[in-house]
file entry.cif (mmCIF, C-alpha atoms and all ligand atoms)
data_run
loop_
_atom_site.label_atom_id
_atom_site.label_comp_id
_atom_site.auth_asym_id
_atom_site.auth_seq_id
_atom_site.Cartn_x
_atom_site.Cartn_y
_atom_site.Cartn_z
CA MET A 5 81.92 118.36 112.05
CA LYS A 6 82.54 118.64 108.30
CA ARG A 7 81.58 116.31 105.48
CA VAL A 8 83.50 115.91 102.22
CA THR A 9 82.44 113.66 99.35
CA VAL A 10 85.08 112.53 96.87
CA ILE A 11 83.27 112.00 93.62
CA SER A 12 83.78 111.50 89.88
CA GLY A 13 81.50 111.52 86.89
CA LYS A 14 82.65 108.03 85.91
CA GLY A 15 84.58 105.07 87.27
CA GLY A 16 88.32 104.64 86.79
CA THR A 17 89.37 108.25 87.37
CA GLY A 18 91.34 107.51 90.56
CA LYS A 19 88.62 108.59 92.99
CA THR A 20 89.08 105.67 95.38
CA THR A 21 92.88 105.91 95.17
CA LEU A 22 92.58 109.53 96.28
CA SER A 23 89.98 108.75 98.97
CA ALA A 24 92.25 106.10 100.51
CA SER A 25 95.17 108.54 100.56
CA LEU A 26 93.06 111.25 102.18
CA ALA A 27 91.95 108.69 104.76
CA VAL A 28 95.62 108.20 105.67
CA LEU A 29 96.34 111.94 105.78
CA SER A 30 93.23 112.85 107.81
CA GLU A 31 93.61 113.17 111.55
CA ASN A 32 90.29 112.72 113.31
CA ALA A 33 87.97 111.37 110.65
CA ILE A 34 85.72 108.48 109.70
CA ILE A 35 85.36 107.23 106.15
CA ALA A 36 82.16 106.04 104.47
CA ASP A 37 82.43 103.99 101.29
CA CYS A 38 79.25 104.92 99.44
CA ASP A 39 80.09 103.06 96.26
CA VAL A 40 77.75 100.29 97.39
CA ASP A 41 77.20 98.72 93.95
CA ALA A 42 80.89 98.00 93.35
CA PRO A 43 82.85 98.86 96.50
CA ASN A 44 86.64 98.66 96.31
CA LEU A 45 87.95 100.98 99.02
CA HIS A 46 88.25 97.94 101.29
CA LEU A 47 90.97 96.57 98.99
CA LEU A 48 93.20 99.46 100.07
CA LEU A 49 92.08 100.18 103.64
CA LYS A 50 91.74 96.48 104.54
CA PRO A 51 89.00 96.91 107.15
CA GLU A 52 88.41 94.49 109.98
CA VAL A 53 84.64 94.13 110.35
CA VAL A 54 83.39 94.87 113.87
CA GLU A 55 79.66 94.74 113.16
CA LYS A 56 77.52 93.56 110.27
CA ARG A 57 73.92 94.78 109.82
CA THR A 58 71.31 93.51 107.40
CA PHE A 59 69.84 96.16 105.12
CA LYS A 60 66.23 95.86 103.99
CA GLY A 61 65.82 98.28 101.14
CA GLY A 62 63.23 96.68 98.90
CA LYS A 63 59.72 95.25 98.91
CA LEU A 64 58.26 92.22 97.24
CA ALA A 65 54.68 91.00 96.74
CA VAL A 66 54.01 87.72 98.53
CA LYS A 67 50.92 85.57 97.98
CA ASN A 68 48.94 83.61 100.53
CA PRO A 69 47.85 80.58 98.42
CA ASP A 70 45.11 79.72 100.91
CA LEU A 71 43.26 82.97 100.11
CA CYS A 72 43.87 83.10 96.34
CA ILE A 73 40.92 82.19 94.08
CA ASP A 74 42.90 82.44 90.81
CA CYS A 75 40.84 85.38 89.53
CA GLY A 76 43.87 86.80 87.68
CA TYR A 77 43.34 90.52 88.51
CA CYS A 78 46.86 90.78 89.87
CA ARG A 79 48.35 89.56 86.58
CA GLN A 80 46.23 92.04 84.62
CA VAL A 81 47.34 95.06 86.65
CA CYS A 82 51.04 94.27 87.06
CA ASN A 83 53.02 96.58 84.76
CA PHE A 84 56.23 94.64 85.28
CA ASN A 85 55.09 91.30 83.96
CA ALA A 86 56.01 89.88 87.36
CA ILE A 87 53.05 87.52 87.78
CA THR A 88 53.10 84.15 86.05
CA PRO A 89 50.12 82.60 84.20
CA GLY A 90 49.65 80.47 87.33
CA PHE A 91 49.45 83.73 89.39
CA GLU A 92 52.73 83.26 91.21
CA ILE A 93 55.05 86.22 91.89
CA ASN A 94 58.36 86.27 90.05
CA PRO A 95 60.69 87.79 92.69
CA ILE A 96 63.25 88.85 90.08
CA LYS A 97 60.71 90.90 88.14
CA CYS A 98 58.62 92.25 91.03
CA GLU A 99 59.34 95.94 91.68
CA GLY A 100 57.34 96.05 94.90
CA CYS A 101 54.98 98.72 93.56
CA GLY A 102 52.02 97.34 95.50
CA THR A 103 49.42 97.61 92.71
CA CYS A 104 48.51 93.92 92.84
CA VAL A 105 48.17 94.12 96.62
CA ALA A 106 45.68 96.96 96.30
CA MET A 107 43.69 95.18 93.57
CA CYS A 108 43.44 91.66 94.97
CA PRO A 109 39.78 91.05 95.93
CA GLN A 110 40.77 88.38 98.42
CA ASP A 111 43.53 90.24 100.28
CA ALA A 112 45.71 87.32 99.29
CA LEU A 113 48.74 89.53 98.56
CA GLU A 114 50.95 91.59 100.82
CA LEU A 115 54.19 93.54 100.44
CA LYS A 116 57.10 92.26 102.47
CA GLU A 117 60.44 93.95 103.09
CA VAL A 118 63.35 92.05 101.64
CA GLU A 119 67.03 92.03 102.45
CA THR A 120 68.93 93.85 99.71
CA GLY A 121 72.39 94.18 101.21
CA ASN A 122 74.60 94.47 104.27
CA VAL A 123 76.19 97.39 106.07
CA TYR A 124 79.51 96.97 107.89
CA ILE A 125 81.12 98.97 110.67
CA SER A 126 84.85 98.34 110.61
CA LYS A 127 88.15 99.48 111.98
CA THR A 128 91.18 100.06 109.80
CA GLU A 129 94.80 100.91 110.55
CA PHE A 130 94.01 104.59 109.96
CA LEU A 131 90.40 105.41 110.85
CA PRO A 132 86.97 103.82 111.39
CA MET A 133 85.08 102.87 108.25
CA VAL A 134 81.45 102.28 107.34
CA HIS A 135 80.84 100.37 104.12
CA ALA A 136 78.20 98.24 102.49
CA ARG A 137 77.47 95.81 99.75
CA LEU A 138 74.27 95.66 97.74
CA ASN A 139 73.12 92.15 96.90
CA ILE A 140 73.57 91.10 93.26
CA GLY A 141 70.63 92.36 91.22
CA ALA A 142 69.18 94.33 94.17
CA GLU A 143 67.97 97.88 93.64
CA ASN A 144 67.64 100.99 95.79
CA SER A 145 71.34 101.65 96.16
CA GLY A 146 70.49 105.31 96.89
CA LYS A 147 68.74 104.17 100.08
CA LEU A 148 71.74 102.05 101.04
CA VAL A 149 74.09 105.01 100.44
CA SER A 150 71.91 107.12 102.76
CA GLU A 151 72.08 104.35 105.36
CA VAL A 152 75.90 104.21 105.18
CA LYS A 153 76.12 107.99 105.52
CA LYS A 154 73.66 108.08 108.42
CA LEU A 155 75.60 105.41 110.29
CA ALA A 156 78.91 107.22 109.67
CA ASP A 157 77.28 110.41 110.98
CA ASN A 158 76.11 108.67 114.16
CA ILE A 159 79.52 107.14 114.83
CA ALA A 160 81.30 110.42 114.07
CA GLY A 161 79.02 112.25 116.53
CA ARG A 162 79.50 109.60 119.22
CA GLU A 163 83.29 109.46 118.83
CA GLY A 164 83.83 113.23 118.44
CA LYS A 165 85.19 113.07 114.88
CA ASP A 166 85.89 116.32 113.02
CA LEU A 167 85.39 114.98 109.52
CA ILE A 168 83.38 112.46 107.54
CA LEU A 169 85.10 111.49 104.31
CA VAL A 170 82.75 109.95 101.78
CA ASP A 171 84.01 107.89 98.85
CA GLY A 172 81.11 108.49 96.50
CA PRO A 173 79.78 106.28 93.71
CA PRO A 174 80.59 107.09 90.08
CA GLY A 175 78.11 108.72 87.70
CA ILE A 176 75.34 111.26 88.37
CA GLY A 177 72.43 109.01 89.43
CA CYS A 178 70.42 108.57 92.60
CA PRO A 179 73.29 107.05 94.69
CA VAL A 180 75.52 110.02 93.76
CA ILE A 181 72.85 112.47 94.85
CA ALA A 182 72.45 110.54 98.13
CA SER A 183 76.22 110.71 98.70
CA LEU A 184 76.16 114.50 98.20
CA ASN A 185 73.32 115.13 100.62
CA GLU A 186 74.30 117.63 103.34
CA VAL A 187 78.02 117.71 102.57
CA ASP A 188 80.22 120.81 102.92
CA LEU A 189 82.40 120.10 99.93
CA ALA A 190 82.50 117.92 96.81
CA LEU A 191 86.01 116.98 95.77
CA VAL A 192 85.54 116.15 92.10
CA VAL A 193 88.12 113.89 90.48
CA THR A 194 88.47 114.03 86.72
CA GLU A 195 90.98 112.97 84.10
CA PRO A 196 92.17 114.76 80.96
CA THR A 197 90.16 112.86 78.35
CA LYS A 198 87.21 114.04 76.26
CA SER A 199 84.84 111.71 78.13
CA GLY A 200 86.33 112.67 81.50
CA PHE A 201 85.79 116.35 80.73
CA SER A 202 82.24 115.75 79.52
CA ASP A 203 81.40 113.72 82.68
CA LEU A 204 82.92 116.48 84.81
CA LYS A 205 80.60 119.06 83.23
CA ARG A 206 77.53 116.89 83.90
CA LEU A 207 78.58 116.26 87.49
CA LEU A 208 79.28 119.93 88.18
CA LYS A 209 75.73 120.72 87.05
CA VAL A 210 74.35 118.26 89.62
CA ILE A 211 76.63 119.64 92.36
CA ASN A 212 75.64 123.19 91.47
CA HIS A 213 71.95 122.24 91.59
CA PHE A 214 72.36 121.22 95.22
CA GLY A 215 74.33 124.36 96.10
CA ILE A 216 77.48 122.48 97.13
CA THR A 217 80.95 123.93 96.60
CA PRO A 218 83.11 121.80 94.28
CA LEU A 219 86.89 121.61 94.27
CA VAL A 220 88.31 119.87 91.21
CA VAL A 221 91.24 117.46 91.03
CA ILE A 222 92.76 116.56 87.65
CA ASN A 223 94.30 113.12 87.93
CA LYS A 224 97.09 112.10 85.52
CA TYR A 225 96.93 115.68 84.24
CA ASP A 226 100.20 115.36 82.30
CA LEU A 227 98.87 112.58 80.03
CA ASN A 228 97.04 115.21 78.01
CA LYS A 229 98.13 118.70 78.94
CA ASN A 230 95.85 120.32 76.34
CA ILE A 231 92.68 118.89 77.84
CA SER A 232 93.98 119.62 81.34
CA LYS A 233 94.36 123.23 80.25
CA GLU A 234 90.81 123.22 78.84
CA ILE A 235 89.45 121.81 82.13
CA THR A 236 91.39 124.41 84.11
CA GLY A 237 90.05 127.22 81.91
CA PHE A 238 86.50 125.89 82.14
CA CYS A 239 86.72 125.83 85.96
CA GLN A 240 88.36 129.25 86.21
CA ASP A 241 85.61 130.80 84.04
CA ARG A 242 83.04 129.51 86.53
CA GLY A 243 84.95 130.41 89.68
CA ILE A 244 85.60 126.74 90.49
CA GLU A 245 88.87 126.15 92.29
CA ILE A 246 91.31 123.48 91.15
CA ALA A 247 92.38 121.73 94.35
CA GLY A 248 95.34 120.11 92.62
CA LYS A 249 96.72 118.17 89.68
CA ILE A 250 98.16 114.71 90.17
CA PRO A 251 100.84 113.65 87.67
CA PHE A 252 100.79 110.22 86.10
CA CYS A 253 103.01 108.09 88.27
CA GLN A 254 104.02 104.51 87.59
CA GLY A 255 104.44 104.15 91.37
CA ILE A 256 100.65 104.45 91.84
CA VAL A 257 100.12 101.60 89.39
CA SER A 258 102.60 99.46 91.35
CA ALA A 259 101.01 100.50 94.67
CA LEU A 260 97.54 99.49 93.46
CA ARG A 261 98.85 96.21 92.15
CA LEU A 262 100.19 95.48 95.64
CA GLY A 263 97.04 96.75 97.39
CA LYS A 264 98.99 99.67 98.90
CA ILE A 265 97.90 103.27 99.41
CA ALA A 266 99.60 105.85 97.18
CA VAL A 267 100.72 108.22 99.96
CA ASN A 268 102.24 105.29 101.86
CA TYR A 269 104.23 104.00 98.93
CA ASN A 270 107.75 105.33 98.39
CA GLU A 271 107.79 104.83 94.63
CA ALA A 272 104.69 107.02 94.28
CA ASP A 273 106.51 110.09 95.57
CA ARG A 274 105.50 112.42 92.72
CA ALA A 275 101.85 111.68 93.27
CA ARG A 276 102.17 111.79 97.07
CA ILE A 277 103.39 115.40 97.00
CA ALA A 278 100.44 116.41 94.80
CA ILE A 279 97.96 114.56 97.02
CA GLU A 280 99.35 116.22 100.15
CA ASP A 281 98.86 119.61 98.47
CA ILE A 282 95.28 118.67 97.61
CA TRP A 283 94.64 117.66 101.20
CA ASN A 284 96.05 120.99 102.45
CA ASN A 285 93.74 122.83 100.06
CA VAL A 286 90.75 120.85 101.29
CA LYS A 287 91.64 121.61 104.92
CA LYS A 288 92.10 125.28 104.07
CA TYR A 289 88.66 125.37 102.44
CA LEU A 290 87.01 123.60 105.39
CA LYS A 291 88.49 126.11 107.84
CA GLU A 292 87.18 129.12 105.88
S1 LIG B 301 44.24 88.94 92.47
FE1 LIG B 301 44.44 87.86 94.40
S2 LIG B 301 42.94 86.26 94.28
FE2 LIG B 301 43.21 86.99 92.21
S3 LIG B 301 44.77 85.64 91.34
FE3 LIG B 301 45.81 87.40 92.19
S4 LIG B 301 46.38 86.77 94.26
FE4 LIG B 301 44.81 85.35 93.55
S1 LIG B 302 54.08 94.49 93.58
FE1 LIG B 302 53.91 95.54 91.61
S2 LIG B 302 55.59 94.66 90.44
FE2 LIG B 302 55.28 93.30 92.15
S3 LIG B 302 53.93 91.75 91.37
FE3 LIG B 302 52.65 93.32 92.33
S4 LIG B 302 52.07 94.70 90.69
FE4 LIG B 302 53.77 93.47 89.94
#

call {"tool": "encode", "arguments": {"input": "entry.cif", "output": "structure tokens"}}
result
Amino acid sequence: MKRVTVISGKGGTGKTTLSASLAVLSENAIIADCDVDAPNLHLLLKPEVVEKRTFKGGKLAVKNPDLCIDCGYCRQVCNFNAITPGFEINPIKCEGCGTCVAMCPQDALELKEVETGNVYISKTEFLPMVHARLNIGAENSGKLVSEVKKLADNIAGREGKDLILVDGPPGIGCPVIASLNEVDLALVVTEPTKSGFSDLKRLLKVINHFGITPLVVINKYDLNKNISKEITGFCQDRGIEIAGKIPFCQGIVSALRLGKIAVNYNEADRARIAIEDIWNNVKKYLKE
């Protein structure tokens, strides 16, 4: 079984548009939407939820008022200003570090696991899907990404899937690193802008650090052919393969507006041909 993460250094590069198209083109795969902070793959794949699981990814200090003697030690040691002058825990500010629990002379405090999101197992018209949503303001999205990937792995193993496609989160933070863990290939989507190029460089450093092979996709490459050329040169100098270049296509804009997938939309023909080439390159790489 192979694992491919589609990733980009920033949002809005067309990563999810490409992921949804690859989901359609793939033959025996499962897809994991690891953009748990702001998921949007469901808008295109329209999953039907089969199972919903609660995710407990955070901890919170909880006080037993019967044991508290109002000594105030907890307030003195909390570095997050999460304890009120009346020695109550502010759940928004509490980071669950446990310092107050360790310092309370009365054992009046304990850390409790709290629900920080939900994980969904779904079916779609094309392939099974695992996705999640982090609660508003909740942290630890890296842990939730790992949970989504683990669940997709289990289902893929049970159902004899050949491939796990991961739609990764944007950026280079902890959730991105979690989405790259133990994958065979990172398909990196960029766009020909100064900021897109700069984000690509940062992301390639992270990918390189973890020893993963990147393939690069330049989306809307023809909007700035000079920067596309610079990106191509940069990749060639480092032995990084360009998996393909997708032209700007008004049909993709119309497809997205209608909640349709690019490769399934007639008016997005120019882009579809490029995406099919990219998919063939990915398959070729995975076979090698
Ligand atoms: S340290 Fe314990 S006993 Fe003291 S105020 Fe805090 S909760 Fe109450
Ligand atoms: S667990 Fe940490 S952050 Fe939360 S109230 Fe206690 S000391 Fe403050």

call {"tool": "atom_distance", "arguments": {"input": "entry.cif", "atom1": "CA of Tyr289 in chain A", "atom2": "CA of Lys6 in chain A"}}
result
10.8 Å

call {"tool": "residues_near_ligand", "arguments": {"input": "entry.cif", "ligand": "ligand LIG 302 (chain B)", "cutoff": "8 Å", "atoms": "all atoms listed in the file", "output": "VMD selection string"}}
result
chain A and resid 63 to 65 78 to 79 81 to 87 93 to 95 97 to 105 115

call {"tool": "residues_near_ligand", "arguments": {"input": "entry.cif", "ligand": "ligand LIG 301 (chain B)", "cutoff": "10 Å", "atoms": "all atoms listed in the file", "output": "PyMOL selection string"}}
result
chain A and resi 65-81+87-93+104-114

call {"tool": "closest_atom_pairs", "arguments": {"input": "entry.cif", "of": "range 92-184 of chain A", "to": "range 46-58 of chain A", "cutoff": "10 Å", "atoms": "all atoms listed in the file", "output": "Markdown table"}}
result
| residue | atom | partner | partner_atom | distance |
| --- | --- | --- | --- | --- |
| A:Val118 | CA | A:Thr58 | CA | 9.9 |
| A:Glu119 | CA | A:Thr58 | CA | 6.7 |
| A:Thr120 | CA | A:Thr58 | CA | 8.1 |
| A:Gly121 | CA | A:Thr58 | CA | 6.3 |
| A:Asn122 | CA | A:Thr58 | CA | 4.6 |
| A:Val123 | CA | A:Arg57 | CA | 5.1 |
| A:Tyr124 | CA | A:Lys56 | CA | 4.6 |
| A:Ile125 | CA | A:Glu55 | CA | 5.1 |
| A:Ser126 | CA | A:Val53 | CA | 4.2 |
| A:Lys127 | CA | A:Glu52 | CA | 5.4 |
| A:Thr128 | CA | A:Pro51 | CA | 4.7 |
| A:Glu129 | CA | A:Leu49 | CA | 7.5 |
| A:Phe130 | CA | A:Leu49 | CA | 7.9 |
| A:Leu131 | CA | A:Leu49 | CA | 9.1 |
| A:Pro132 | CA | A:Pro51 | CA | 8.4 |
| A:Met133 | CA | A:Pro51 | CA | 7.2 |
| A:Val134 | CA | A:Val53 | CA | 9.3 |
| A:His135 | CA | A:His46 | CA | 8.3 |
| A:Ala136 | CA | A:Lys56 | CA | 9.1 |

call {"tool": "atom_distance", "arguments": {"input": "entry.cif", "atom1": "CA of Ile277 in chain A", "atom2": "CA of Gly248 in chain A"}}
result
10.3 Å

call {"tool": "atom_distance", "arguments": {"input": "entry.cif", "atom1": "CA of Gly16 in chain A", "atom2": "CA of Val221 in chain A"}}
result
13.8 Å

call {"tool": "closest_atom_pairs", "arguments": {"input": "entry.cif", "of": "range 73-158 of chain A", "to": "range 174-179 of chain A", "cutoff": "10 Å", "atoms": "all atoms listed in the file", "output": "Markdown table"}}
result
| residue | atom | partner | partner_atom | distance |
| --- | --- | --- | --- | --- |
| A:Asn144 | CA | A:Pro179 | CA | 8.4 |
| A:Ser145 | CA | A:Pro179 | CA | 5.9 |
| A:Gly146 | CA | A:Pro179 | CA | 4.0 |
| A:Lys147 | CA | A:Pro179 | CA | 7.6 |
| A:Leu148 | CA | A:Pro179 | CA | 8.2 |
| A:Val149 | CA | A:Pro179 | CA | 6.2 |
| A:Ser150 | CA | A:Pro179 | CA | 8.2 |

call {"tool": "residues_around", "arguments": {"input": "entry.cif", "residues": "Leu167 in chain A", "least_positions_apart": "3", "cutoff": "10 Å", "atoms": "only C-alpha atoms", "output": "NGL selection string"}}
result
:A and (5-8 or 30-35 or 157 or 160-161 or 164 or 170 or 290)

call {"tool": "closest_residue", "arguments": {"input": "entry.cif", "among": "A:Gly263, A:Pro196, A:Thr9, A:Asp241", "to": "Ser23 in chain A", "atoms": "all atoms listed in the file"}}
result
A:Thr9

call {"tool": "residues_near_point", "arguments": {"input": "entry.cif", "point": "(71.5, 94.0, 87.7)", "cutoff": "12 Å", "atoms": "all atoms listed in the file", "output": "ChimeraX atom specification"}}
result
/A:41-42,96-97,138-145

call {"tool": "closest_residue", "arguments": {"input": "entry.cif", "among": "A:Lys205, A:Lys19, A:Lys14, A:Lys291", "to": "Ile250 in chain A", "atoms": "all atoms listed in the file"}}
result
A:Lys19

call {"tool": "residues_around", "arguments": {"input": "entry.cif", "residues": "Leu189 in chain A", "least_positions_apart": "5", "cutoff": "12 Å", "atoms": "all atoms listed in the file", "output": "JSON list (two decimals) with C-alpha atoms, keeping the file's coordinate frame"}}
result
[["chain", "number", "residue", "atom", "x", "y", "z"],
["A", 6, "LYS", "CA", 82.54, 118.64, 108.30],
["A", 7, "ARG", "CA", 81.58, 116.31, 105.48],
["A", 8, "VAL", "CA", 83.50, 115.91, 102.22],
["A", 9, "THR", "CA", 82.44, 113.66, 99.35],
["A", 10, "VAL", "CA", 85.08, 112.53, 96.87],
["A", 11, "ILE", "CA", 83.27, 112.00, 93.62],
["A", 167, "LEU", "CA", 85.39, 114.98, 109.52],
["A", 168, "ILE", "CA", 83.38, 112.46, 107.54],
["A", 169, "LEU", "CA", 85.10, 111.49, 104.31],
["A", 170, "VAL", "CA", 82.75, 109.95, 101.78],
["A", 183, "SER", "CA", 76.22, 110.71, 98.70],
["A", 184, "LEU", "CA", 76.16, 114.50, 98.20],
["A", 211, "ILE", "CA", 76.63, 119.64, 92.36],
["A", 212, "ASN", "CA", 75.64, 123.19, 91.47],
["A", 214, "PHE", "CA", 72.36, 121.22, 95.22],
["A", 215, "GLY", "CA", 74.33, 124.36, 96.10],
["A", 216, "ILE", "CA", 77.48, 122.48, 97.13],
["A", 217, "THR", "CA", 80.95, 123.93, 96.60],
["A", 218, "PRO", "CA", 83.11, 121.80, 94.28],
["A", 219, "LEU", "CA", 86.89, 121.61, 94.27],
["A", 220, "VAL", "CA", 88.31, 119.87, 91.21],
["A", 244, "ILE", "CA", 85.60, 126.74, 90.49],
["A", 245, "GLU", "CA", 88.87, 126.15, 92.29],
["A", 247, "ALA", "CA", 92.38, 121.73, 94.35],
["A", 285, "ASN", "CA", 93.74, 122.83, 100.06],
["A", 286, "VAL", "CA", 90.75, 120.85, 101.29],
["A", 287, "LYS", "CA", 91.64, 121.61, 104.92],
["A", 288, "LYS", "CA", 92.10, 125.28, 104.07],
["A", 289, "TYR", "CA", 88.66, 125.37, 102.44],
["A", 290, "LEU", "CA", 87.01, 123.60, 105.39],
["A", 291, "LYS", "CA", 88.49, 126.11, 107.84],
["A", 292, "GLU", "CA", 87.18, 129.12, 105.88]]

call {"tool": "residues_around", "arguments": {"input": "entry.cif", "residues": "Phe201 in chain A", "least_positions_apart": "3", "cutoff": "9 Å", "atoms": "only C-alpha atoms", "output": "count of residues only"}}
result
13

call {"tool": "residues_around", "arguments": {"input": "entry.cif", "residues": "Thr21 in chain A", "least_positions_apart": "4", "cutoff": "10 Å", "atoms": "only C-alpha atoms", "output": "NGL selection string"}}
result
:A and (16-17 or 25-26 or 44-45 or 48 or 171 or 256 or 259-260 or 264-267)

call {"tool": "write_last_selection", "arguments": {"input": "entry.cif", "atoms": "C-alpha atoms", "output": "short mmCIF file (atom, residue, chain, number, x, y, z; two decimals), in the frame of the given file"}}
result
data_model
loop_
_atom_site.label_atom_id
_atom_site.label_comp_id
_atom_site.auth_asym_id
_atom_site.auth_seq_id
_atom_site.Cartn_x
_atom_site.Cartn_y
_atom_site.Cartn_z
CA GLY A 16 88.32 104.64 86.79
CA THR A 17 89.37 108.25 87.37
CA SER A 25 95.17 108.54 100.56
CA LEU A 26 93.06 111.25 102.18
CA ASN A 44 86.64 98.66 96.31
CA LEU A 45 87.95 100.98 99.02
CA LEU A 48 93.20 99.46 100.07
CA ASP A 171 84.01 107.89 98.85
CA ILE A 256 100.65 104.45 91.84
CA ALA A 259 101.01 100.50 94.67
CA LEU A 260 97.54 99.49 93.46
CA LYS A 264 98.99 99.67 98.90
CA ILE A 265 97.90 103.27 99.41
CA ALA A 266 99.60 105.85 97.18
CA VAL A 267 100.72 108.22 99.96
#

call {"tool": "closest_residue", "arguments": {"input": "entry.cif", "among": "A:Leu207, A:Leu191, A:Ala36, A:Ala156", "to": "Ile246 in chain A", "atoms": "only C-alpha atoms"}}
result
A:Leu191

call {"tool": "residues_around", "arguments": {"input": "entry.cif", "residues": "Gly255 in chain A", "least_positions_apart": "6", "cutoff": "12 Å", "atoms": "only C-alpha atoms", "output": "list in words"}}
result
Arg261, Leu262, Lys264, Ile265, Ala266, Val267, Asn268, Tyr269, Asn270, Glu271, Ala272, Asp273, Arg274, Ala275 and Arg276 of chain A

call {"tool": "write_last_selection", "arguments": {"input": "entry.cif", "atoms": "C-alpha atoms", "output": "CSV table (one decimal), in the frame of the given file"}}
result
chain,number,residue,atom,x,y,z
A,261,ARG,CA,98.8,96.2,92.2
A,262,LEU,CA,100.2,95.5,95.6
A,264,LYS,CA,99.0,99.7,98.9
A,265,ILE,CA,97.9,103.3,99.4
A,266,ALA,CA,99.6,105.8,97.2
A,267,VAL,CA,100.7,108.2,100.0
A,268,ASN,CA,102.2,105.3,101.9
A,269,TYR,CA,104.2,104.0,98.9
A,270,ASN,CA,107.8,105.3,98.4
A,271,GLU,CA,107.8,104.8,94.6
A,272,ALA,CA,104.7,107.0,94.3
A,273,ASP,CA,106.5,110.1,95.6
A,274,ARG,CA,105.5,112.4,92.7
A,275,ALA,CA,101.8,111.7,93.3
A,276,ARG,CA,102.2,111.8,97.1
